[in-house]
Amino acid sequence: MGRYKIKAFGITKDIVGGRETVVEVEGNTVSELRLSLQGKYPGLTTLKSLFIAVNNAYADEQTAIKETDEIAMIPPVSGG
Amino acid sequence: MGRYKIKAFGITKDIVGGRETVVEVEGNTVSELRLSLQGKYPGLTTLKSLFIAVNNAYADEQTAIKETDEIAMIPPVSGG
Amino acid sequence: MIQITEHNINIEEIVKAASRHEAGAVNVFIGTVRNHTKGRNVLRLEYEAYEAMAISEIKKIVDEAILRWSLLGCAISHRVGVLTPGEVAVVVAVSTPHRADSFTACQFIIDTLKQQVPIWKKEVFEGGEEWISATP
Amino acid sequence: MIQITEHNINIEEIVKAASRHEAGAVNVFIGTVRNHTKGRNVLRLEYEAYEAMAISEIKKIVDEAILRWSLLGCAISHRVGVLTPGEVAVVVAVSTPHRADSFTACQFIIDTLKQQVPIWKKEVFEGGEEWISATP
């Protein structure tokens, strides 16, 4: 159980209404974080994909997170 | 039978000793012109290839030439 | 040289940064803002990057390209902020000893950048706006 | 725009000449003078062109590229005269709506240019000189 500050970019910024949001998570994995985010912001489930980055790198579902990590939502990228 | 002025580029300029040469040709085809050139300048036979251009386009061996045509020797190209 | 910038990209500067005297070939890809997509008139694009991660992801792509091809130099610049049609959004330049590798490596980098690097664009067209590729 | 020139090639100018507002992609190939080839130290290259025919042959290549890919713009500049290592010998820039075509078309043009266009280079290296590709 923890309180995580999550950065938002692109369409996720519009969905959460700002550059950052805070969620309470039951557990300490990316997978559990994702469930909390989707519970709080159902709009996130409409995206083509949603990756989570931990400390500036793509994380997989089993990655453990700490409250001090830099965590970000990565909706489908469209650079170039 | 005719007298043809031929432009020379790249290594052919060194072989004929100038930017232009004049050859007498028995006949009026590129093929016969080539024989005359190679007779006068045996060094031309050592090239990897030697195309003849007539009026700014590659000509084939059967192409008929006139003394008023712009004719050039095209040794292997190496632009770029 | 890897750069995320709010300013106009100077193509000549990126090419210079990628060039090497031992290299005979430089390939450059320039992505520009089109004035229409899917039949819509594009007014502007708004680019946003997760900058620290974007630079780190681009570095990974470049490292892979160095391993796979004989990359001698590489420079990449990506714009963020508001861009209008005709403006340069991204420049990728690579130099290699021989030219075929320069094409292959440059195409690999831009293709992979578009798939992996956390940069987003919102298209603002006549009558609406859309985060590109975000929803099915 | 097709150009044979004795002056430095301005890459930005060639890119501009090839760019179109309907195009999203520009690919640019830049051939530069290497400081060594086959283990020899290159002092300079001397380029010579049969200019009228070179321009006409480049036009044929561009026309074929326009037919085969969705080429929107194309600009080509080739240097002649004396060039030293690091200098730009040739620039080919093409613009297309989508990026894969820009790579394919640009590579086709430079590959075909090197095979067909009457331009020659003499390499002057430490201890000698050679017309490149002239003899077996």
# chains A, B, ... in the order shown; residues from 1 in each chain; ligands from 1
$ residues_around --residues "D:Asn8" --least-positions-apart "4" --cutoff "10 Å" --atoms "only C-alpha atoms" --output "list in words"
Ser77, His78, Arg79, Val80, Leu83, Glu87, Val88 and Ala89 of chain D
$ write_last_selection --atoms "N, CA and C atoms" --output "JSON list (two decimals), in the first residue's frame"
[["chain", "number", "residue", "atom", "x", "y", "z"],
["D", 77, "SER", "N", 22.57, 18.09, -56.34],
["D", 77, "SER", "CA", 23.70, 18.95, -56.65],
["D", 77, "SER", "C", 24.98, 18.11, -56.61],
["D", 78, "HIS", "N", 25.81, 18.26, -57.62],
["D", 78, "HIS", "CA", 27.08, 17.52, -57.67],
["D", 78, "HIS", "C", 28.21, 18.51, -57.88],
["D", 79, "ARG", "N", 29.24, 18.39, -57.06],
["D", 79, "ARG", "CA", 30.42, 19.26, -57.18],
["D", 79, "ARG", "C", 31.32, 18.80, -58.32],
["D", 80, "VAL", "N", 32.00, 19.75, -58.94],
["D", 80, "VAL", "CA", 33.13, 19.42, -59.81],
["D", 80, "VAL", "C", 34.31, 20.27, -59.35],
["D", 83, "LEU", "N", 38.38, 18.78, -54.66],
["D", 83, "LEU", "CA", 37.76, 18.66, -53.33],
["D", 83, "LEU", "C", 38.74, 18.01, -52.37],
["D", 87, "GLU", "N", 34.93, 17.45, -47.57],
["D", 87, "GLU", "CA", 34.02, 18.28, -48.39],
["D", 87, "GLU", "C", 32.88, 17.44, -48.98],
["D", 88, "VAL", "N", 31.79, 18.12, -49.28],
["D", 88, "VAL", "CA", 30.60, 17.47, -49.82],
["D", 88, "VAL", "C", 30.71, 17.38, -51.34],
["D", 89, "ALA", "N", 30.62, 16.16, -51.87],
["D", 89, "ALA", "CA", 30.74, 15.96, -53.32],
["D", 89, "ALA", "C", 29.38, 15.92, -54.00]]
$ select_by_dssp --residues "chain D" --states "strand (DSSP E or B)" --output "PyMOL selection string"
chain D and resi 2-5+25-32+36-37+40-49+73-79+81-83+88-96+119-125+128-131
$ calpha_fit_and_write --fixed "chain C" --moving "chain D" --output "PDB file with C-alpha atoms, in the first residue's frame"
ATOM      1  CA  MET D   1      24.434  14.568 -30.316  1.00  0.00           C
ATOM      2  CA  ILE D   2      20.869  13.997 -29.169  1.00  0.00           C
ATOM      3  CA  GLN D   3      18.635  17.006 -28.750  1.00  0.00           C
ATOM      4  CA  ILE D   4      15.037  17.789 -27.829  1.00  0.00           C
ATOM      5  CA  THR D   5      14.478  21.425 -28.670  1.00  0.00           C
ATOM      6  CA  GLU D   6      11.853  24.169 -28.680  1.00  0.00           C
ATOM      7  CA  HIS D   7      13.737  26.037 -31.391  1.00  0.00           C
ATOM      8  CA  ASN D   8      13.971  25.651 -35.164  1.00  0.00           C
ATOM      9  CA  ILE D   9      16.220  22.758 -36.103  1.00  0.00           C
ATOM     10  CA  ASN D  10      19.291  23.800 -38.067  1.00  0.00           C
ATOM     11  CA  ILE D  11      19.712  20.944 -40.549  1.00  0.00           C
ATOM     12  CA  GLU D  12      23.259  21.899 -41.537  1.00  0.00           C
ATOM     13  CA  GLU D  13      24.299  21.808 -37.865  1.00  0.00           C
ATOM     14  CA  ILE D  14      22.848  18.312 -37.378  1.00  0.00           C
ATOM     15  CA  VAL D  15      24.576  17.089 -40.542  1.00  0.00           C
ATOM     16  CA  LYS D  16      27.899  18.541 -39.325  1.00  0.00           C
ATOM     17  CA  ALA D  17      27.481  16.870 -35.943  1.00  0.00           C
ATOM     18  CA  ALA D  18      26.979  13.487 -37.643  1.00  0.00           C
ATOM     19  CA  SER D  19      29.761  13.834 -40.246  1.00  0.00           C
ATOM     20  CA  ARG D  20      33.179  12.232 -39.879  1.00  0.00           C
ATOM     21  CA  HIS D  21      36.222  12.517 -42.131  1.00  0.00           C
ATOM     22  CA  GLU D  22      36.480   8.726 -42.275  1.00  0.00           C
ATOM     23  CA  ALA D  23      32.868   8.501 -43.468  1.00  0.00           C
ATOM     24  CA  GLY D  24      31.988   8.730 -47.145  1.00  0.00           C
ATOM     25  CA  ALA D  25      28.231   8.744 -46.692  1.00  0.00           C
ATOM     26  CA  VAL D  26      25.758  10.720 -44.653  1.00  0.00           C
ATOM     27  CA  ASN D  27      22.074   9.921 -44.721  1.00  0.00           C
ATOM     28  CA  VAL D  28      19.606  12.389 -43.294  1.00  0.00           C
ATOM     29  CA  PHE D  29      15.915  11.928 -42.633  1.00  0.00           C
ATOM     30  CA  ILE D  30      13.837  15.051 -42.116  1.00  0.00           C
ATOM     31  CA  GLY D  31      10.274  14.771 -40.898  1.00  0.00           C
ATOM     32  CA  THR D  32       8.199  17.840 -41.669  1.00  0.00           C
ATOM     33  CA  VAL D  33       4.690  18.920 -40.747  1.00  0.00           C
ATOM     34  CA  ARG D  34       2.265  18.155 -43.585  1.00  0.00           C
ATOM     35  CA  ASN D  35      -0.478  20.629 -44.404  1.00  0.00           C
ATOM     36  CA  HIS D  36      -3.073  17.881 -44.580  1.00  0.00           C
ATOM     37  CA  THR D  37      -3.592  14.343 -43.265  1.00  0.00           C
ATOM     38  CA  LYS D  38      -6.579  12.043 -43.819  1.00  0.00           C
ATOM     39  CA  GLY D  39      -8.208  14.779 -45.874  1.00  0.00           C
ATOM     40  CA  ARG D  40      -8.067  17.287 -43.011  1.00  0.00           C
ATOM     41  CA  ASN D  41      -6.434  20.693 -43.210  1.00  0.00           C
ATOM     42  CA  VAL D  42      -3.740  20.774 -40.539  1.00  0.00           C
ATOM     43  CA  LEU D  43      -3.429  24.110 -38.725  1.00  0.00           C
ATOM     44  CA  ARG D  44      -0.629  23.091 -36.365  1.00  0.00           C
ATOM     45  CA  LEU D  45       0.936  20.225 -34.429  1.00  0.00           C
ATOM     46  CA  GLU D  46       1.714  20.379 -30.735  1.00  0.00           C
ATOM     47  CA  TYR D  47       4.624  18.158 -29.740  1.00  0.00           C
ATOM     48  CA  GLU D  48       5.369  17.123 -26.187  1.00  0.00           C
ATOM     49  CA  ALA D  49       8.217  14.963 -24.891  1.00  0.00           C
ATOM     50  CA  TYR D  50       9.071  13.179 -21.663  1.00  0.00           C
ATOM     51  CA  GLU D  51      12.475  14.674 -22.179  1.00  0.00           C
ATOM     52  CA  ALA D  52      14.829  12.713 -19.910  1.00  0.00           C
ATOM     53  CA  MET D  53      13.317   9.387 -20.930  1.00  0.00           C
ATOM     54  CA  ALA D  54      13.141  10.384 -24.613  1.00  0.00           C
ATOM     55  CA  ILE D  55      16.867  11.126 -24.649  1.00  0.00           C
ATOM     56  CA  SER D  56      17.640   7.882 -22.840  1.00  0.00           C
ATOM     57  CA  GLU D  57      15.468   5.854 -25.277  1.00  0.00           C
ATOM     58  CA  ILE D  58      17.054   7.550 -28.307  1.00  0.00           C
ATOM     59  CA  LYS D  59      20.501   6.689 -26.883  1.00  0.00           C
ATOM     60  CA  LYS D  60      19.493   3.015 -26.711  1.00  0.00           C
ATOM     61  CA  ILE D  61      18.410   3.089 -30.361  1.00  0.00           C
ATOM     62  CA  VAL D  62      21.660   4.765 -31.427  1.00  0.00           C
ATOM     63  CA  ASP D  63      23.707   2.241 -29.433  1.00  0.00           C
ATOM     64  CA  GLU D  64      21.928  -0.598 -31.216  1.00  0.00           C
ATOM     65  CA  ALA D  65      22.525   1.045 -34.605  1.00  0.00           C
ATOM     66  CA  ILE D  66      26.238   1.446 -33.799  1.00  0.00           C
ATOM     67  CA  LEU D  67      26.415  -2.287 -33.006  1.00  0.00           C
ATOM     68  CA  ARG D  68      24.506  -3.390 -36.112  1.00  0.00           C
ATOM     69  CA  TRP D  69      25.985  -1.091 -38.761  1.00  0.00           C
ATOM     70  CA  SER D  70      29.329   0.671 -39.025  1.00  0.00           C
ATOM     71  CA  LEU D  71      27.943   3.916 -37.706  1.00  0.00           C
ATOM     72  CA  LEU D  72      30.692   6.518 -37.360  1.00  0.00           C
ATOM     73  CA  GLY D  73      28.589   9.509 -36.404  1.00  0.00           C
ATOM     74  CA  CYS D  74      24.978  10.144 -35.489  1.00  0.00           C
ATOM     75  CA  ALA D  75      22.988  13.248 -34.578  1.00  0.00           C
ATOM     76  CA  ILE D  76      19.297  13.470 -33.789  1.00  0.00           C
ATOM     77  CA  SER D  77      17.158  16.508 -33.054  1.00  0.00           C
ATOM     78  CA  HIS D  78      13.434  16.496 -32.273  1.00  0.00           C
ATOM     79  CA  ARG D  79      11.274  19.601 -31.932  1.00  0.00           C
ATOM     80  CA  VAL D  80       8.736  20.126 -29.185  1.00  0.00           C
ATOM     81  CA  GLY D  81       6.122  22.855 -28.878  1.00  0.00           C
ATOM     82  CA  VAL D  82       3.845  24.278 -31.540  1.00  0.00           C
ATOM     83  CA  LEU D  83       4.755  23.600 -35.193  1.00  0.00           C
ATOM     84  CA  THR D  84       3.014  24.777 -38.342  1.00  0.00           C
ATOM     85  CA  PRO D  85       2.932  23.058 -41.755  1.00  0.00           C
ATOM     86  CA  GLY D  86       6.286  23.008 -43.509  1.00  0.00           C
ATOM     87  CA  GLU D  87       8.286  23.153 -40.278  1.00  0.00           C
ATOM     88  CA  VAL D  88      10.868  20.499 -39.445  1.00  0.00           C
ATOM     89  CA  ALA D  89       9.797  18.196 -36.599  1.00  0.00           C
ATOM     90  CA  VAL D  90      12.698  15.755 -36.539  1.00  0.00           C
ATOM     91  CA  VAL D  91      16.106  15.298 -38.127  1.00  0.00           C
ATOM     92  CA  VAL D  92      18.138  12.074 -37.983  1.00  0.00           C
ATOM     93  CA  ALA D  93      21.608  12.109 -39.539  1.00  0.00           C
ATOM     94  CA  VAL D  94      24.057   9.200 -39.630  1.00  0.00           C
ATOM     95  CA  SER D  95      27.422   8.761 -41.259  1.00  0.00           C
ATOM     96  CA  THR D  96      28.968   5.467 -42.356  1.00  0.00           C
ATOM     97  CA  PRO D  97      31.949   4.442 -44.475  1.00  0.00           C
ATOM     98  CA  HIS D  98      29.679   3.072 -47.222  1.00  0.00           C
ATOM     99  CA  ARG D  99      26.391   4.392 -48.435  1.00  0.00           C
ATOM    100  CA  ALA D 100      24.036   1.394 -48.218  1.00  0.00           C
ATOM    101  CA  ASP D 101      24.580   1.231 -44.437  1.00  0.00           C
ATOM    102  CA  SER D 102      23.764   4.920 -44.090  1.00  0.00           C
ATOM    103  CA  PHE D 103      20.284   4.369 -45.547  1.00  0.00           C
ATOM    104  CA  THR D 104      19.597   1.231 -43.500  1.00  0.00           C
ATOM    105  CA  ALA D 105      20.808   2.688 -40.205  1.00  0.00           C
ATOM    106  CA  CYS D 106      18.975   6.000 -40.642  1.00  0.00           C
ATOM    107  CA  GLN D 107      15.715   4.234 -41.498  1.00  0.00           C
ATOM    108  CA  PHE D 108      16.108   1.892 -38.521  1.00  0.00           C
ATOM    109  CA  ILE D 109      16.605   4.850 -36.195  1.00  0.00           C
ATOM    110  CA  ILE D 110      13.597   6.887 -37.359  1.00  0.00           C
ATOM    111  CA  ASP D 111      11.335   3.802 -37.508  1.00  0.00           C
ATOM    112  CA  THR D 112      12.321   2.741 -33.981  1.00  0.00           C
ATOM    113  CA  LEU D 113      12.153   6.301 -32.659  1.00  0.00           C
ATOM    114  CA  LYS D 114       8.550   6.541 -33.853  1.00  0.00           C
ATOM    115  CA  GLN D 115       7.674   3.281 -32.076  1.00  0.00           C
ATOM    116  CA  GLN D 116       9.489   3.678 -28.777  1.00  0.00           C
ATOM    117  CA  VAL D 117      10.469   7.205 -27.864  1.00  0.00           C
ATOM    118  CA  PRO D 118       8.092   9.035 -25.497  1.00  0.00           C
ATOM    119  CA  ILE D 119       7.147  11.964 -27.696  1.00  0.00           C
ATOM    120  CA  TRP D 120       3.560  12.791 -28.554  1.00  0.00           C
ATOM    121  CA  LYS D 121       1.887  14.999 -31.085  1.00  0.00           C
ATOM    122  CA  LYS D 122      -1.547  16.540 -31.055  1.00  0.00           C
ATOM    123  CA  GLU D 123      -2.865  17.499 -34.449  1.00  0.00           C
ATOM    124  CA  VAL D 124      -4.976  20.626 -34.536  1.00  0.00           C
ATOM    125  CA  PHE D 125      -6.992  20.676 -37.745  1.00  0.00           C
ATOM    126  CA  GLU D 126      -9.912  22.716 -39.046  1.00  0.00           C
ATOM    127  CA  GLY D 127     -12.777  21.755 -36.763  1.00  0.00           C
ATOM    128  CA  GLY D 128     -11.003  19.734 -34.075  1.00  0.00           C
ATOM    129  CA  GLU D 129      -7.902  18.235 -32.544  1.00  0.00           C
ATOM    130  CA  GLU D 130      -6.560  14.747 -31.841  1.00  0.00           C
ATOM    131  CA  TRP D 131      -3.663  13.113 -30.026  1.00  0.00           C
ATOM    132  CA  ILE D 132      -2.235  11.049 -32.890  1.00  0.00           C
ATOM    133  CA  SER D 133      -2.450   7.227 -32.485  1.00  0.00           C
ATOM    134  CA  ALA D 134      -3.770   7.492 -28.918  1.00  0.00           C
ATOM    135  CA  THR D 135      -7.081   5.690 -29.338  1.00  0.00           C
ATOM    136  CA  PRO D 136      -8.159   2.820 -31.616  1.00  0.00           C
TER     137      PRO D 136
END
$ calpha_fit_and_write --fixed "chain B" --moving "chain A" --output "CSV table (one decimal) with C-alpha atoms, in the first residue's frame"
chain,number,residue,atom,x,y,z
A,1,MET,CA,34.2,7.7,-94.4
A,2,GLY,CA,34.3,10.8,-92.2
A,3,ARG,CA,36.3,13.0,-89.9
A,4,TYR,CA,34.8,13.1,-86.4
A,5,LYS,CA,35.6,15.4,-83.5
A,6,ILE,CA,35.4,13.5,-80.3
A,7,LYS,CA,35.2,14.9,-76.7
A,8,ALA,CA,37.4,13.2,-74.1
A,9,PHE,CA,36.7,13.0,-70.3
A,10,GLY,CA,38.4,11.5,-67.3
A,11,ILE,CA,41.1,8.9,-68.1
A,12,THR,CA,40.4,9.2,-71.9
A,13,LYS,CA,41.5,12.8,-71.7
A,14,ASP,CA,44.9,11.6,-70.5
A,15,ILE,CA,45.0,8.8,-73.1
A,16,VAL,CA,44.3,11.1,-76.1
A,17,GLY,CA,46.3,14.0,-74.5
A,18,GLY,CA,43.5,16.6,-74.5
A,19,ARG,CA,39.9,17.5,-74.2
A,20,GLU,CA,39.2,16.6,-77.8
A,21,THR,CA,40.6,14.5,-80.6
A,22,VAL,CA,39.8,14.0,-84.3
A,23,VAL,CA,39.6,10.6,-85.9
A,24,GLU,CA,39.0,9.4,-89.5
A,25,VAL,CA,36.3,6.7,-89.6
A,26,GLU,CA,35.6,4.1,-92.3
A,27,GLY,CA,31.9,4.1,-92.1
A,28,ASN,CA,29.3,5.9,-90.0
A,29,THR,CA,28.4,3.8,-87.0
A,30,VAL,CA,29.5,4.0,-83.4
A,31,SER,CA,31.0,0.6,-83.7
A,32,GLU,CA,33.3,1.8,-86.6
A,33,LEU,CA,34.1,4.9,-84.7
A,34,ARG,CA,35.2,2.8,-81.7
A,35,LEU,CA,37.5,0.8,-83.9
A,36,SER,CA,39.2,3.9,-85.3
A,37,LEU,CA,39.6,5.4,-81.8
A,38,GLN,CA,41.1,2.1,-80.4
A,39,GLY,CA,43.4,1.9,-83.5
A,40,LYS,CA,44.7,5.4,-82.9
A,41,TYR,CA,44.8,5.1,-79.1
A,42,PRO,CA,45.5,1.5,-78.0
A,43,GLY,CA,45.4,2.7,-74.4
A,44,LEU,CA,41.6,2.9,-74.8
A,45,THR,CA,41.4,-0.9,-74.9
A,46,THR,CA,42.7,-1.2,-71.4
A,47,LEU,CA,39.6,0.5,-69.9
A,48,LYS,CA,37.0,-1.4,-67.9
A,49,SER,CA,34.4,-0.1,-70.4
A,50,LEU,CA,34.1,2.7,-73.0
A,51,PHE,CA,30.7,4.0,-74.0
A,52,ILE,CA,30.1,6.5,-76.8
A,53,ALA,CA,27.7,9.3,-76.3
A,54,VAL,CA,26.0,11.0,-79.3
A,55,ASN,CA,24.3,14.3,-78.7
A,56,ASN,CA,24.3,13.9,-74.9
A,57,ALA,CA,22.9,10.4,-74.8
A,58,TYR,CA,24.4,6.9,-74.6
A,59,ALA,CA,24.5,5.4,-78.1
A,60,ASP,CA,24.6,1.7,-79.0
A,61,GLU,CA,27.0,0.1,-81.4
A,62,GLN,CA,24.6,0.4,-84.4
A,63,THR,CA,23.9,4.1,-83.9
A,64,ALA,CA,24.6,6.1,-87.1
A,65,ILE,CA,26.7,9.2,-86.6
A,66,LYS,CA,27.2,12.4,-88.6
A,67,GLU,CA,30.1,14.8,-88.5
A,68,THR,CA,27.9,17.5,-87.0
A,69,ASP,CA,26.9,15.3,-84.0
A,70,GLU,CA,28.3,16.0,-80.6
A,71,ILE,CA,30.2,12.8,-79.9
A,72,ALA,CA,32.0,11.9,-76.6
A,73,MET,CA,34.0,9.0,-75.1
A,74,ILE,CA,32.5,7.9,-71.8
A,75,PRO,CA,35.0,5.9,-69.7
A,76,PRO,CA,33.7,4.2,-66.5
A,77,VAL,CA,31.9,6.8,-64.5
A,78,SER,CA,32.7,7.5,-60.9
A,79,GLY,CA,30.6,10.3,-59.7
A,80,GLY,CA,29.1,10.6,-56.2
$ select_by_dssp --residues "stretch 87-132 of chain C" --states "helix (DSSP H, G or I)" --output "NGL selection string"
:C and (99-116)
$ write_last_selection --atoms "C-alpha atoms" --output "compact mmCIF listing (two decimals), in the first residue's frame"
# COMPACT_ATOMS: atom_id res chain seq x y z
CA ARG C 99 26.41 4.38 -48.44
CA ALA C 100 24.05 1.40 -48.23
CA ASP C 101 24.59 1.23 -44.45
CA SER C 102 23.77 4.93 -44.09
CA PHE C 103 20.28 4.37 -45.56
CA THR C 104 19.59 1.23 -43.52
CA ALA C 105 20.81 2.69 -40.23
CA CYS C 106 18.97 6.00 -40.65
CA GLN C 107 15.71 4.23 -41.51
CA PHE C 108 16.10 1.89 -38.53
CA ILE C 109 16.61 4.85 -36.20
CA ILE C 110 13.61 6.88 -37.36
CA ASP C 111 11.33 3.80 -37.52
CA THR C 112 12.31 2.74 -34.00
CA LEU C 113 12.15 6.30 -32.66
CA LYS C 114 8.55 6.53 -33.85
CA GLN C 115 7.67 3.29 -32.07
CA GLN C 116 9.50 3.68 -28.77
